[in-house]
Each structure stands twice: as structure tokens, then as C-alpha cells.
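What follows is the content of target-v6.txt (compact mmCIF, C-alpha atoms).
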```txt
# COMPACT_ATOMS: atom_id res chain seq x y z
CA MET R 1108 0.00 0.00 0.00
CA LEU R 1109 2.90 2.36 0.69
CA LEU R 1110 4.18 1.59 -2.81
CA VAL R 1111 0.74 2.32 -4.34
CA VAL R 1112 0.58 5.67 -2.56
CA TYR R 1113 4.12 6.50 -3.70
CA ILE R 1114 3.15 5.66 -7.29
CA PHE R 1115 0.34 8.24 -7.00
CA ASN R 1116 2.85 10.66 -5.49
CA PHE R 1117 5.01 10.52 -8.61
CA VAL R 1118 2.14 10.32 -11.08
CA ASP R 1119 0.91 13.63 -9.67
CA ARG R 1120 4.43 15.06 -9.61
CA GLN R 1121 5.73 13.87 -13.00
CA ILE R 1122 2.60 14.46 -15.05
CA LEU R 1123 3.54 18.13 -15.32
CA SER R 1124 6.63 17.28 -17.40
CA ILE R 1125 4.73 15.59 -20.23
CA LEU R 1126 2.05 18.30 -20.10
CA ALA R 1127 4.63 21.10 -20.26
CA ALA R 1128 4.22 21.74 -24.01
CA PRO R 1129 0.39 22.06 -24.07
CA ILE R 1130 0.40 24.05 -20.80
CA GLN R 1131 3.01 26.45 -22.16
CA ALA R 1132 1.03 26.90 -25.37
CA ASP R 1133 -2.28 27.43 -23.54
CA LEU R 1134 -1.04 29.70 -20.72
CA HIS R 1135 1.77 31.39 -22.75
CA LEU R 1136 4.66 30.42 -20.44
CA ASP R 1137 8.39 30.39 -21.25
CA ASP R 1138 10.89 27.72 -20.11
CA ALA R 1139 11.94 29.67 -17.02
CA GLN R 1140 8.31 29.96 -15.82
CA MET R 1141 7.70 26.28 -16.57
CA GLY R 1142 10.83 25.45 -14.61
CA MET R 1143 9.42 27.35 -11.62
CA LEU R 1144 6.19 25.33 -11.81
CA GLY R 1145 8.03 22.03 -11.99
CA GLY R 1146 10.66 22.90 -9.39
CA LEU R 1147 10.33 25.83 -7.02
CA ALA R 1148 6.52 25.96 -6.83
CA PHE R 1149 6.43 22.33 -5.76
CA ALA R 1150 9.66 22.04 -3.79
CA LEU R 1151 9.35 25.19 -1.68
CA LEU R 1152 6.68 23.93 0.72
CA TYR R 1153 7.24 20.25 -0.06
CA SER R 1154 10.72 20.47 1.42
CA THR R 1155 10.00 22.73 4.38
CA MET R 1156 6.65 21.28 5.47
CA ALA R 1157 8.06 17.74 5.36
CA VAL R 1158 10.04 18.39 8.55
CA PRO R 1159 7.20 19.33 10.95
CA LEU R 1160 4.88 16.73 9.38
CA ALA R 1161 7.52 14.03 9.84
CA ALA R 1162 8.07 15.08 13.45
CA LEU R 1163 4.30 14.86 13.94
CA ALA R 1164 4.31 11.37 12.39
CA ASP R 1165 7.16 10.22 14.66
CA ARG R 1166 5.28 11.36 17.76
CA THR R 1167 1.72 10.37 16.76
CA ASN R 1168 0.46 8.04 13.99
CA ARG R 1169 2.37 7.66 10.73
CA SER R 1170 -0.39 6.01 8.70
CA TRP R 1171 -2.85 8.81 9.52
CA VAL R 1172 -0.36 11.46 8.41
CA ILE R 1173 0.21 9.62 5.11
CA ALA R 1174 -3.51 9.17 4.42
CA VAL R 1175 -4.42 12.81 5.08
CA SER R 1176 -1.45 13.95 3.00
CA LEU R 1177 -2.54 11.77 0.06
CA PHE R 1178 -6.02 13.28 0.19
CA ALA R 1179 -4.61 16.83 0.26
CA TRP R 1180 -2.13 16.52 -2.61
CA SER R 1181 -4.65 14.69 -4.81
CA GLY R 1182 -7.17 17.49 -4.31
CA PHE R 1183 -4.64 20.15 -5.31
CA THR R 1184 -3.61 18.07 -8.35
CA ALA R 1185 -7.21 18.08 -9.55
CA LEU R 1186 -7.34 21.82 -8.88
CA CYS R 1187 -4.45 22.34 -11.35
CA GLY R 1188 -6.92 21.48 -14.10
CA LEU R 1189 -9.02 24.57 -13.30
CA THR R 1190 -6.20 27.12 -13.45
CA GLN R 1191 -6.18 29.90 -16.06
CA ASN R 1192 -2.81 31.65 -15.64
CA PHE R 1193 0.71 31.25 -14.26
CA TRP R 1194 0.02 32.37 -10.70
CA GLN R 1195 -3.06 30.19 -10.32
CA ILE R 1196 -1.23 27.04 -11.36
CA PHE R 1197 1.79 28.12 -9.28
CA LEU R 1198 -0.40 28.27 -6.14
CA ALA R 1199 -2.03 24.93 -6.97
CA ARG R 1200 1.41 23.34 -7.30
CA LEU R 1201 2.35 24.81 -3.92
CA GLY R 1202 -0.64 22.94 -2.52
CA VAL R 1203 0.48 19.69 -4.15
CA GLY R 1204 3.86 20.17 -2.49
CA VAL R 1205 2.32 20.74 0.95
CA GLY R 1206 0.30 17.53 0.62
CA GLU R 1207 3.15 15.37 -0.62
CA ALA R 1208 5.36 16.68 2.20
CA GLY R 1209 3.56 14.37 4.61
CA GLY R 1210 3.84 11.20 2.55
CA VAL R 1211 7.44 10.18 1.95
CA ALA R 1212 9.40 10.53 5.21
CA PRO R 1213 6.75 8.75 7.36
CA SER R 1214 6.68 5.95 4.76
CA TYR R 1215 10.46 5.53 5.00
CA ALA R 1216 10.11 5.28 8.77
CA MET R 1217 7.28 2.72 8.62
CA ILE R 1218 9.39 0.50 6.35
CA GLY R 1219 12.29 0.91 8.78
CA ASP R 1220 10.00 -0.33 11.57
CA TYR R 1221 8.82 -3.37 9.62
CA PHE R 1222 12.15 -4.60 8.19
CA PRO R 1223 15.47 -5.45 9.89
CA SER R 1224 18.63 -3.57 9.03
CA LYS R 1225 20.07 -6.25 6.72
CA GLN R 1226 16.94 -6.15 4.50
CA ARG R 1227 16.14 -2.46 4.72
CA ALA R 1228 17.86 -1.19 1.56
CA THR R 1229 16.04 -3.83 -0.48
CA ALA R 1230 12.71 -3.00 1.19
CA LEU R 1231 13.20 0.73 0.64
CA SER R 1232 14.12 -0.01 -2.97
CA ILE R 1233 10.85 -1.87 -3.47
CA TYR R 1234 9.03 1.16 -2.05
CA SER R 1235 11.13 3.44 -4.26
CA LEU R 1236 9.84 1.60 -7.33
CA GLY R 1237 7.03 4.12 -6.95
CA ILE R 1238 9.37 6.69 -8.54
CA PRO R 1239 9.93 5.02 -11.94
CA ILE R 1240 6.50 3.36 -12.02
CA GLY R 1241 4.65 6.51 -10.99
CA SER R 1242 6.75 8.73 -13.25
CA GLY R 1243 6.32 6.34 -16.18
CA LEU R 1244 2.57 6.00 -15.71
CA GLY R 1245 2.21 9.75 -15.25
CA VAL R 1246 4.06 10.42 -18.49
CA LEU R 1247 2.20 7.73 -20.46
CA ALA R 1248 -1.29 8.49 -19.14
CA GLY R 1249 -0.77 12.25 -19.14
CA GLY R 1250 0.48 12.27 -22.72
CA TYR R 1251 -2.37 10.09 -23.97
CA ILE R 1252 -5.11 12.05 -22.18
CA ALA R 1253 -3.65 15.42 -23.20
CA ALA R 1254 -3.35 14.32 -26.84
CA THR R 1255 -6.84 12.80 -27.07
CA ILE R 1256 -8.78 15.19 -24.79
CA ASP R 1257 -6.82 18.05 -23.13
CA TRP R 1258 -4.22 18.67 -20.41
CA ARG R 1259 -6.82 19.75 -17.85
CA THR R 1260 -8.57 16.36 -17.97
CA ALA R 1261 -5.25 14.65 -17.20
CA PHE R 1262 -5.00 16.57 -13.90
CA PHE R 1263 -8.62 15.78 -13.03
CA ALA R 1264 -8.17 12.05 -13.69
CA VAL R 1265 -5.09 11.49 -11.53
CA GLY R 1266 -6.23 13.86 -8.75
CA LEU R 1267 -9.66 12.30 -8.27
CA SER R 1268 -8.14 8.78 -8.29
CA GLY R 1269 -5.96 9.74 -5.33
CA LEU R 1270 -8.95 11.04 -3.39
CA VAL R 1271 -10.56 7.61 -3.72
CA LEU R 1272 -7.37 5.81 -2.60
CA ALA R 1273 -6.84 7.79 0.63
CA PRO R 1274 -9.56 6.18 2.81
CA ILE R 1275 -8.72 2.71 1.45
CA PHE R 1276 -5.09 3.18 2.53
CA LYS R 1277 -6.08 4.16 6.08
CA LEU R 1278 -8.35 1.14 6.42
CA LEU R 1279 -5.58 -1.29 5.44
CA VAL R 1280 -2.36 0.13 6.93
CA ARG R 1281 -1.44 0.16 10.61
CA ASP R 1282 1.63 1.46 12.45
CA LYS R 1283 3.98 -1.05 14.04
CA ASN R 1284 5.82 -0.75 17.36
CA LYS R 1285 9.25 0.80 16.81
CA PRO R 1286 12.45 -1.20 17.49
CA VAL R 1287 15.11 0.09 19.86
CA ALA R 1288 18.79 0.92 19.53
CA VAL R 1289 21.32 -1.45 21.11
CA ALA R 1290 22.79 -0.70 24.51
CA ASP R 1291 26.25 0.32 23.32
CA SER R 1292 24.85 3.02 21.03
CA PRO R 1293 25.47 6.59 22.22
CA HIS R 1294 21.84 7.44 21.37
CA THR R 1295 19.62 5.21 23.53
CA ASP R 1296 17.21 7.70 25.10
CA PRO R 1297 13.95 5.74 25.47
CA GLU R 1298 11.90 8.91 24.94
CA ARG R 1299 11.13 9.99 21.41
CA PRO R 1300 13.59 12.72 20.42
CA THR R 1301 12.19 16.11 19.50
CA LEU R 1302 12.79 17.72 16.11
CA ARG R 1303 15.47 19.93 17.64
CA GLU R 1304 17.25 16.98 19.30
CA THR R 1305 17.20 14.93 16.09
CA ALA R 1306 18.54 17.86 14.07
CA ALA R 1307 21.34 18.36 16.61
CA VAL R 1308 22.38 14.69 16.36
CA LEU R 1309 22.49 14.79 12.55
CA ALA R 1310 24.31 18.13 12.47
CA ARG R 1311 27.24 16.54 14.30
CA LYS R 1312 27.56 13.70 11.80
CA ARG R 1313 29.78 14.31 8.79
CA SER R 1314 28.16 11.48 6.87
CA PHE R 1315 24.75 13.20 6.99
CA TRP R 1316 26.05 16.32 5.25
CA LEU R 1317 28.03 14.39 2.64
CA LEU R 1318 25.10 12.09 1.83
CA SER R 1319 22.62 14.98 1.74
CA PHE R 1320 24.63 17.27 -0.53
CA GLY R 1321 25.80 14.36 -2.68
CA ALA R 1322 22.20 13.30 -3.27
CA ALA R 1323 21.10 16.93 -3.78
CA SER R 1324 23.72 17.51 -6.48
CA SER R 1325 22.63 14.40 -8.36
CA SER R 1326 18.96 15.30 -7.90
CA MET R 1327 19.51 18.68 -9.55
CA LEU R 1328 20.50 16.80 -12.69
CA GLY R 1329 18.07 13.90 -12.22
CA TYR R 1330 14.96 16.03 -11.66
CA GLY R 1331 16.07 18.44 -14.38
CA ILE R 1332 16.45 15.71 -17.00
CA ALA R 1333 13.25 13.96 -15.89
CA PHE R 1334 11.26 17.18 -16.28
CA TRP R 1335 12.79 18.50 -19.49
CA LEU R 1336 13.52 15.33 -21.50
CA PRO R 1337 9.99 15.14 -23.01
CA SER R 1338 10.38 18.72 -24.23
CA LEU R 1339 13.83 17.86 -25.66
CA LEU R 1340 12.33 14.91 -27.53
CA MET R 1341 9.71 17.14 -29.11
CA ARG R 1342 12.07 20.00 -29.95
CA SER R 1343 15.21 18.21 -31.06
CA PHE R 1344 13.94 14.79 -32.18
CA GLY R 1345 10.66 15.90 -33.77
CA PHE R 1346 8.42 13.74 -31.55
CA ASP R 1347 4.75 14.51 -31.02
CA LEU R 1348 3.23 14.41 -27.52
CA VAL R 1349 2.24 10.72 -27.62
CA GLN R 1350 5.60 9.61 -29.07
CA ALA R 1351 7.48 11.56 -26.40
CA SER R 1352 5.34 10.04 -23.63
CA GLN R 1353 5.90 6.50 -24.95
CA PHE R 1354 9.67 7.00 -25.29
CA PHE R 1355 10.15 8.58 -21.89
CA GLY R 1356 7.61 6.37 -20.11
CA ALA R 1357 9.34 3.20 -21.32
CA LEU R 1358 12.72 4.65 -20.35
CA LEU R 1359 11.52 5.38 -16.82
CA LEU R 1360 9.86 2.00 -16.33
CA PHE R 1361 12.58 -0.27 -17.71
CA GLY R 1362 15.63 1.70 -16.61
CA GLY R 1363 14.17 2.88 -13.32
CA ILE R 1364 12.96 -0.48 -12.04
CA VAL R 1365 16.29 -2.18 -12.77
CA GLY R 1366 18.28 0.66 -11.18
CA VAL R 1367 16.19 0.97 -8.03
CA MET R 1368 16.16 -2.76 -7.26
CA GLY R 1369 19.78 -3.29 -8.27
CA GLY R 1370 20.97 -0.52 -5.96
CA GLY R 1371 19.09 -1.87 -2.96
CA LEU R 1372 20.11 -5.49 -3.43
CA LEU R 1373 23.75 -4.60 -4.05
CA ALA R 1374 23.92 -2.27 -1.04
CA ASP R 1375 22.41 -4.85 1.33
CA ARG R 1376 24.85 -7.47 0.07
CA LEU R 1377 27.98 -5.32 0.25
CA GLY R 1378 26.87 -3.12 3.15
CA SER R 1379 26.63 -6.10 5.50
CA GLN R 1380 30.42 -6.41 5.10
CA ASP R 1381 31.27 -2.70 5.14
CA ARG R 1382 28.81 0.18 5.86
CA ALA R 1383 30.80 2.41 3.49
CA TYR R 1384 29.24 0.65 0.49
CA TYR R 1385 25.92 2.36 1.23
CA SER R 1386 27.48 5.51 -0.24
CA TRP R 1387 30.14 3.99 -2.49
CA VAL R 1388 27.59 2.12 -4.63
CA PRO R 1389 25.72 5.36 -5.54
CA GLY R 1390 29.02 7.20 -6.07
CA LEU R 1391 30.13 4.65 -8.67
CA ALA R 1392 26.73 4.89 -10.38
CA TYR R 1393 27.08 8.67 -10.76
CA PHE R 1394 30.62 8.31 -12.13
CA LEU R 1395 29.46 5.86 -14.80
CA GLY R 1396 26.20 7.63 -15.60
CA ALA R 1397 27.50 11.07 -16.67
CA PRO R 1398 29.24 10.11 -19.95
CA LEU R 1399 26.37 7.82 -20.92
CA PHE R 1400 23.84 10.60 -20.43
CA ALA R 1401 26.05 12.89 -22.52
CA ALA R 1402 26.04 10.36 -25.38
CA GLY R 1403 22.26 10.05 -25.28
CA ILE R 1404 21.63 13.79 -25.14
CA SER R 1405 24.05 14.39 -28.05
CA SER R 1406 22.59 11.67 -30.26
CA ASP R 1407 20.55 12.55 -33.37
CA ASN R 1408 18.95 9.11 -33.76
CA ALA R 1409 15.91 8.45 -31.57
CA GLN R 1410 16.25 4.64 -31.49
CA PHE R 1411 19.96 4.80 -30.67
CA ALA R 1412 19.29 7.51 -28.07
CA PHE R 1413 16.85 5.20 -26.26
CA LEU R 1414 19.56 2.58 -25.84
CA LEU R 1415 22.07 5.21 -24.74
CA PHE R 1416 19.64 6.65 -22.16
CA LEU R 1417 18.54 3.28 -20.77
CA LEU R 1418 21.67 2.41 -18.75
CA PRO R 1419 22.28 5.89 -17.22
CA GLN R 1420 18.58 6.10 -16.39
CA ALA R 1421 19.02 2.91 -14.38
CA LEU R 1422 22.19 4.24 -12.75
CA ALA R 1423 20.37 7.45 -11.81
CA TYR R 1424 18.08 5.47 -9.48
CA VAL R 1425 20.72 3.29 -7.79
CA TRP R 1426 21.20 5.71 -4.87
CA LEU R 1427 17.69 5.44 -3.43
CA GLY R 1428 17.82 2.24 -1.36
CA PRO R 1429 21.41 2.63 -0.11
CA VAL R 1430 21.28 6.31 0.86
CA LEU R 1431 17.80 6.21 2.41
CA THR R 1432 18.88 3.23 4.52
CA ALA R 1433 22.05 4.98 5.64
CA ILE R 1434 20.13 8.10 6.70
CA GLN R 1435 17.80 6.01 8.88
CA HIS R 1436 20.80 4.47 10.63
CA LEU R 1437 22.17 7.83 11.72
CA VAL R 1438 19.45 8.18 14.44
CA VAL R 1439 17.47 6.02 16.85
CA PRO R 1440 14.43 4.26 15.31
CA SER R 1441 11.88 6.61 16.89
CA ALA R 1442 13.40 9.55 14.99
CA ARG R 1443 13.52 7.96 11.54
CA ALA R 1444 10.77 10.00 9.89
CA THR R 1445 12.26 13.24 11.19
CA ALA R 1446 15.77 12.31 10.01
CA SER R 1447 14.40 11.35 6.59
CA ALA R 1448 12.54 14.65 6.34
CA LEU R 1449 15.65 16.67 7.22
CA PHE R 1450 17.53 14.78 4.51
CA LEU R 1451 14.70 15.42 2.05
CA LEU R 1452 14.67 19.11 3.00
CA ILE R 1453 18.21 19.47 1.66
CA ASN R 1454 17.81 17.06 -1.24
CA ASN R 1455 14.55 18.46 -2.57
CA LEU R 1456 15.08 22.15 -1.88
CA ILE R 1457 18.37 22.06 -3.81
CA GLY R 1458 17.71 19.19 -6.20
CA LEU R 1459 14.05 19.51 -7.06
CA GLY R 1460 13.67 23.22 -6.37
CA GLY R 1461 16.88 24.23 -8.11
CA GLY R 1462 17.48 21.64 -10.81
CA ILE R 1463 14.33 21.99 -12.91
CA TYR R 1464 14.40 25.78 -12.74
CA ALA R 1465 18.16 25.96 -13.41
CA LEU R 1466 17.94 23.85 -16.57
CA GLY R 1467 14.92 25.82 -17.78
CA ALA R 1468 16.53 29.19 -17.05
CA LEU R 1469 19.81 28.10 -18.68
CA SER R 1470 17.88 26.94 -21.74
CA THR R 1471 16.16 30.34 -21.96
CA ALA R 1472 19.53 32.11 -21.62
CA LEU R 1473 21.12 29.91 -24.33
CA THR R 1474 18.25 30.29 -26.82
CA PRO R 1475 19.78 33.34 -28.60
CA VAL R 1476 22.90 31.24 -29.26
CA TYR R 1477 21.54 27.73 -29.90
CA GLY R 1478 17.89 28.33 -30.83
CA GLU R 1479 15.80 25.14 -30.62
CA GLU R 1480 18.88 23.21 -29.46
CA ALA R 1481 19.33 25.34 -26.32
CA LEU R 1482 17.66 22.75 -24.08
CA ARG R 1483 20.05 20.05 -25.29
CA TYR R 1484 23.09 22.15 -24.36
CA SER R 1485 21.54 23.12 -21.02
CA MET R 1486 21.40 19.41 -20.11
CA LEU R 1487 24.95 18.77 -21.28
CA TYR R 1488 26.37 21.60 -19.16
CA ALA R 1489 24.53 20.27 -16.11
CA LEU R 1490 26.20 16.84 -16.26
CA GLY R 1491 29.09 18.15 -14.18
CA LEU R 1492 26.80 17.82 -11.15
CA TYR R 1493 27.23 14.04 -11.30
CA GLY R 1494 30.98 14.48 -10.80
CA VAL R 1495 30.32 16.52 -7.64
CA SER R 1496 27.95 13.81 -6.39
CA ALA R 1497 30.43 11.01 -7.03
CA VAL R 1498 33.13 12.76 -4.99
CA LEU R 1499 30.82 13.51 -2.04
CA MET R 1500 29.51 9.92 -1.93
CA GLY R 1501 33.06 8.61 -1.99
CA LEU R 1502 33.98 10.78 1.00
CA ALA R 1503 30.84 9.72 2.91
CA GLY R 1504 31.85 6.03 3.08
CA PRO R 1505 34.43 6.20 5.90
CA ALA R 1506 32.21 8.58 7.89
CA LEU R 1507 29.32 6.09 7.75
CA ARG R 1508 31.39 3.47 9.54
CA LYS R 1509 31.73 5.83 12.50
CA ASP R 1510 28.22 7.37 12.52
CA TRP R 1511 26.10 4.21 12.08
CA VAL R 1512 23.59 3.57 14.92
CA ARG R 1513 23.08 -0.17 15.43
CA GLU R 1514 19.82 -1.87 16.44
CA GLU R 1515 18.90 -5.14 18.06
CA GLY R 1516 19.49 -7.85 15.50
CA ASP R 1517 22.30 -6.01 13.70
CA ASP R 1518 25.54 -7.93 13.12
```
Transcribe the structure of this file into C-alpha cells.
Amino acid sequence: MLLVVYIFNFVDRQILSILAAPIQADLHLDDAQMGMLGGLAFALLYSTMAVPLAALADRTNRSWVIAVSLFAWSGFTALCGLTQNFWQIFLARLGVGVGEAGGVAPSYAMIGDYFPSKQRATALSIYSLGIPIGSGLGVLAGGYIAATIDWRTAFFAVGLSGLVLAPIFKLLVRDKNKPVAVADSPHTDPERPTLRETAAVLARKRSFWLLSFGAASSSMLGYGIAFWLPSLLMRSFGFDLVQASQFFGALLLFGGIVGVMGGGLLADRLGSQDRAYYSWVPGLAYFLGAPLFAAGISSDNAQFAFLLFLLPQALAYVWLGPVLTAIQHLVVPSARATASALFLLINNLIGLGGGIYALGALSTALTPVYGEEALRYSMLYALGLYGVSAVLMGLAGPALRKDWVREEGDD
């Protein structure tokens, strides 16, 4: 059920990317404005509200917080279909962000409660399949509905479906008692830590900052490419809306599912021997992914480009299971949702809020020089972010060995 809700999360989030072209044409928006809708409008309150909502979930009932959040973001998604100008859709996207802020971090924490440490990266990877599946379905369904009816109907369809799912989720999902840290851990306070106490613990851990900024750097590129690739396909490859949605949807589903599951399984296998692999596995994926993305973006042949994009698209998702597991092991179990939200605050405010807007603004700035190819060059320039991410993840490995908080049942 957590996976189903996460699929809806990314359907609602990613649908805007495939609808960018018809929305821009209808509301007369440039790339910079569209980048604000896809990034800043969503990420601003999504990132900041996630922290208090996660703290509330840690101290009350996580399943209730998730269910109410699902209802809220689905309602605002449907509301996007009624908007008539930039500021109206901007405010509706703010509302989607507020709703989704209460869904992800509590879900991470619930999975942490249900699964032991040695299986947690794999379990979180299964949950994280919601990203490629939800993104792929959002692109495919959104493109089809927009092409056959209109873009407003696409928002209505996915938003109303989420409203129906919310009460079903609450009926089926229950919280589980939280495990405890082992006696030799320096963080064994039986009381649930406050937001301030959890933040203070994380602030002292070098691994938290390296993981957070490493993931944020990669997310700037990842969210930017995910949002703008359909537009690139239409501008530089001559695709129509349905062709772009089929190309990108298949890329997300095939590449994303393999990458997410591969990262989790590999991290659990290697991480049981050395905790450093929870950051080293993503670091290697970033290092390998950058040149492959460059080849795909530079290609002029659509079929060849699909093959070139497939492997780096998989590598782009490898980090999810390993890094999310590592973040949860930096605090005691009763503070997991709060720790996840503080990580997401950094990752999404920089990655989601900055990446989509930065690529759109850079494309607008490069248009006088490159014309219709400006978006292609904007993506190519942004690939340097993967190099930054690879270095930060490499440095995080040794720090994880020191900062890891063990639980009962850990080796």
C-alpha cells in the first residue's frame, strides 16, 4: 500500500513534465516559468513542510499522516486542471507540495520499523519503485489524455483517483511498534527525540552532510532531465506528444525499475560487510552515468538515443535504497521519519527546487545562441553535477562506519 501511494505521489508530480508543451502553449509560459512550476513551486513547501509533518508522524500516527497527505495533494492536483494563468497554477502546485510533504518521510520510517537492518535497503528499494513506475505511468497516461482530450482532464483524472485511494489506505495500513537501539549506542534515550534533538544529532555527523549534498547535487540533474527530457524529444527529435510520452515512459519504467532494485540489493549485500558501500555504490553509479547521459543527449537518432539513455537512467536510481537506509541508521528508530525529512529538505530544496528551474533558465539564456537546441546544451552543461555527487559519496563512506547507529538484530 505504501508503494501504491508513492506511485500516485510521482504520477501527480511527474505528469507536469509531459504536459509542459500544451500548458506552455495554452497559458503562454516560457521555459523559465515552466521550470518554476516544476521545481520551485512544488519544492518550496514540499521540502520545508516535510520536517514538521515528519516530526508529527514520529510522535503520533504515521499512517494517519500519510492518508491525510494523500487526500490533500490529490485534491490540489485536480485543482491544477481549473487554473487559467501562471500564478493560479503556481499556487495549486504549492498545494500539491504541501500535501506530498507528509507522505514520503513517514513511509520511510514505517518501512524501517517493519524490516530489519540487513533487509532495509532492499525494502526501501521496493518502495522506491514508486518513482519510476509513478513517473512512467504519469508520463504515459498524461500524454495520452492530453493528446486525445486536453491537459486539464489529465490533472482531473489522476487527482480524483488519489482522493478515492486515501480512505482505502487508512483502512488497510497500521503502524507497528518501533524497534530500539542497542545498549552500546550513544543514542539510547527511550523517549522519542524532538525535532530539535534529532537535528542536533544529525548536524554533528559528517556522513549526513556528505550524503545529503551528494544526493542533492545528483537530484539537480536527475529532476532536471526527468522534467525537461519530453520537451527535448519534441524540440530536437521531432516527436509529437504521444511519441514523447511513450519514449520517456518506457525509459523510466525499464531503466528505473532495474536501477532501483539493483541498488538496494547490491547495497544490502555489500553493506553487511562494510557500511561504506551504502554511499560507495551510488558514487560509482554517478561516475558511470554522466558520460552515458552525454552520449544520449548528443545523439541525433531516436532509437539509438533510447539505448544510450537506458543504462544511465538505471544508474540514476541506484542511490535510493542505499542512501535512504544509511540516513535512517544515523538516528534512533523513533526519529527515523524526522531524520528522513531533514535529509529530504536538503535534497529536494536544492535538487528539485533548483534543478528543474536551473535547466529551464539556462535553456532560456542559451536560446539566442543555440535556438531550438538550447535545451540540449543546457542538459549537457549540467552533467558536471554528477561528478560533484560522485566525490561527495566517496567521502561519505568512511564517515558512515563511524556514525552508524546499530539496532537489536544487527551484526
Quick one: contact table of region 1276-1383 of chain R to region 1471-1485 of chain R, 9 Å max, nearest atom pair and distance in Å to one decimal per residue, counting only C-alpha atoms, chain and number order, as a Markdown table?
```
| residue | atom | partner | partner_atom | distance |
| --- | --- | --- | --- | --- |
| R:Trp1335 | CA | R:Leu1482 | CA | 7.9 |
| R:Leu1336 | CA | R:Leu1482 | CA | 8.9 |
| R:Ser1338 | CA | R:Leu1482 | CA | 8.3 |
| R:Leu1339 | CA | R:Leu1482 | CA | 6.4 |
| R:Arg1342 | CA | R:Glu1479 | CA | 6.4 |
| R:Ser1343 | CA | R:Glu1480 | CA | 6.4 |
```
*asked:* If I take CA of Leu1372 (chain R) and CA of Leu1431 (chain R), how far is one from the other in Å, to one decimal?
replied: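 Pair CA of Leu1372 (chain R) / CA of Leu1431 (chain R) returns 13.3 Å.
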*Computed interatomic separation between CA of Leu1302 (chain R) and CA of Ile1218 (chain R) (Å)*: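 Computed distance, CA of Leu1302 (chain R) to CA of Ile1218 (chain R), equals 20.1 Å.
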_Between CA of Pro1129 (chain R) and CA of Leu1348 (chain R), what is the distance in Å, rounded to a tenth?_
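We find that CA of Pro1129 (chain R) and CA of Leu1348 (chain R) lie 8.9 Å from each other.
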*Using only C-alpha atoms, which of the listed residues (R:Leu1459, R:Ile1434, R:Leu1414, R:Ala1127) sits closest to Ser1319 (chain R)?*
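That would be R:Ile1434, the residue with the smallest distance to Ser1319 (chain R).
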Since the input has fewer atoms than a full residue there, write region 1211-1226 of chain R out with N, CA, C and O atoms, as a PDB file, keeping the file's coordinate frame.
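Writing done, so here's rebuild32.pdb:
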```pdb
ATOM      1  N   VAL R1211       6.241  10.975   2.220  1.00  0.00           N
ATOM      2  CA  VAL R1211       7.440  10.180   1.950  1.00  0.00           C
ATOM      3  C   VAL R1211       8.207   9.818   3.223  1.00  0.00           C
ATOM      4  O   VAL R1211       8.487   8.642   3.474  1.00  0.00           O
ATOM      5  N   ALA R1212       8.584  10.814   4.028  1.00  0.00           N
ATOM      6  CA  ALA R1212       9.400  10.530   5.210  1.00  0.00           C
ATOM      7  C   ALA R1212       8.707   9.565   6.190  1.00  0.00           C
ATOM      8  O   ALA R1212       9.347   8.623   6.685  1.00  0.00           O
ATOM      9  N   PRO R1213       7.408   9.733   6.502  1.00  0.00           N
ATOM     10  CA  PRO R1213       6.750   8.750   7.360  1.00  0.00           C
ATOM     11  C   PRO R1213       6.725   7.338   6.756  1.00  0.00           C
ATOM     12  O   PRO R1213       6.792   6.344   7.476  1.00  0.00           O
ATOM     13  N   SER R1214       6.656   7.258   5.412  1.00  0.00           N
ATOM     14  CA  SER R1214       6.680   5.950   4.760  1.00  0.00           C
ATOM     15  C   SER R1214       8.052   5.293   4.923  1.00  0.00           C
ATOM     16  O   SER R1214       8.143   4.083   5.194  1.00  0.00           O
ATOM     17  N   TYR R1215       9.120   6.064   4.743  1.00  0.00           N
ATOM     18  CA  TYR R1215      10.460   5.530   5.000  1.00  0.00           C
ATOM     19  C   TYR R1215      10.538   4.950   6.411  1.00  0.00           C
ATOM     20  O   TYR R1215      11.088   3.863   6.637  1.00  0.00           O
ATOM     21  N   ALA R1216      10.022   5.702   7.376  1.00  0.00           N
ATOM     22  CA  ALA R1216      10.110   5.280   8.770  1.00  0.00           C
ATOM     23  C   ALA R1216       9.289   4.020   9.036  1.00  0.00           C
ATOM     24  O   ALA R1216       9.717   3.131   9.788  1.00  0.00           O
ATOM     25  N   MET R1217       8.101   3.918   8.438  1.00  0.00           N
ATOM     26  CA  MET R1217       7.280   2.720   8.620  1.00  0.00           C
ATOM     27  C   MET R1217       7.995   1.486   8.076  1.00  0.00           C
ATOM     28  O   MET R1217       7.969   0.411   8.688  1.00  0.00           O
ATOM     29  N   ILE R1218       8.639   1.624   6.917  1.00  0.00           N
ATOM     30  CA  ILE R1218       9.390   0.500   6.350  1.00  0.00           C
ATOM     31  C   ILE R1218      10.561   0.143   7.266  1.00  0.00           C
ATOM     32  O   ILE R1218      10.866  -1.038   7.478  1.00  0.00           O
ATOM     33  N   GLY R1219      11.215   1.162   7.826  1.00  0.00           N
ATOM     34  CA  GLY R1219      12.290   0.910   8.780  1.00  0.00           C
ATOM     35  C   GLY R1219      11.802   0.139   9.996  1.00  0.00           C
ATOM     36  O   GLY R1219      12.520  -0.695  10.557  1.00  0.00           O
ATOM     37  N   ASP R1220      10.570   0.387  10.423  1.00  0.00           N
ATOM     38  CA  ASP R1220      10.000  -0.330  11.570  1.00  0.00           C
ATOM     39  C   ASP R1220       9.676  -1.782  11.237  1.00  0.00           C
ATOM     40  O   ASP R1220       9.777  -2.660  12.087  1.00  0.00           O
ATOM     41  N   TYR R1221       9.272  -2.044  10.005  1.00  0.00           N
ATOM     42  CA  TYR R1221       8.820  -3.370   9.620  1.00  0.00           C
ATOM     43  C   TYR R1221       9.955  -4.312   9.205  1.00  0.00           C
ATOM     44  O   TYR R1221       9.803  -5.535   9.278  1.00  0.00           O
ATOM     45  N   PHE R1222      11.088  -3.762   8.737  1.00  0.00           N
ATOM     46  CA  PHE R1222      12.150  -4.600   8.190  1.00  0.00           C
ATOM     47  C   PHE R1222      13.448  -4.435   8.963  1.00  0.00           C
ATOM     48  O   PHE R1222      13.807  -3.318   9.332  1.00  0.00           O
ATOM     49  N   PRO R1223      14.184  -5.537   9.185  1.00  0.00           N
ATOM     50  CA  PRO R1223      15.470  -5.450   9.890  1.00  0.00           C
ATOM     51  C   PRO R1223      16.519  -4.760   9.040  1.00  0.00           C
ATOM     52  O   PRO R1223      16.385  -4.633   7.819  1.00  0.00           O
ATOM     53  N   SER R1224      17.586  -4.354   9.683  1.00  0.00           N
ATOM     54  CA  SER R1224      18.630  -3.570   9.030  1.00  0.00           C
ATOM     55  C   SER R1224      19.177  -4.248   7.778  1.00  0.00           C
ATOM     56  O   SER R1224      19.377  -3.600   6.750  1.00  0.00           O
ATOM     57  N   LYS R1225      19.423  -5.564   7.836  1.00  0.00           N
ATOM     58  CA  LYS R1225      20.070  -6.250   6.720  1.00  0.00           C
ATOM     59  C   LYS R1225      19.170  -6.381   5.492  1.00  0.00           C
ATOM     60  O   LYS R1225      19.653  -6.737   4.413  1.00  0.00           O
ATOM     61  N   GLN R1226      17.867  -6.097   5.633  1.00  0.00           N
ATOM     62  CA  GLN R1226      16.940  -6.150   4.500  1.00  0.00           C
ATOM     63  C   GLN R1226      16.399  -4.768   4.121  1.00  0.00           C
ATOM     64  O   GLN R1226      15.637  -4.647   3.169  1.00  0.00           O
TER      65      GLN R1226
END
```
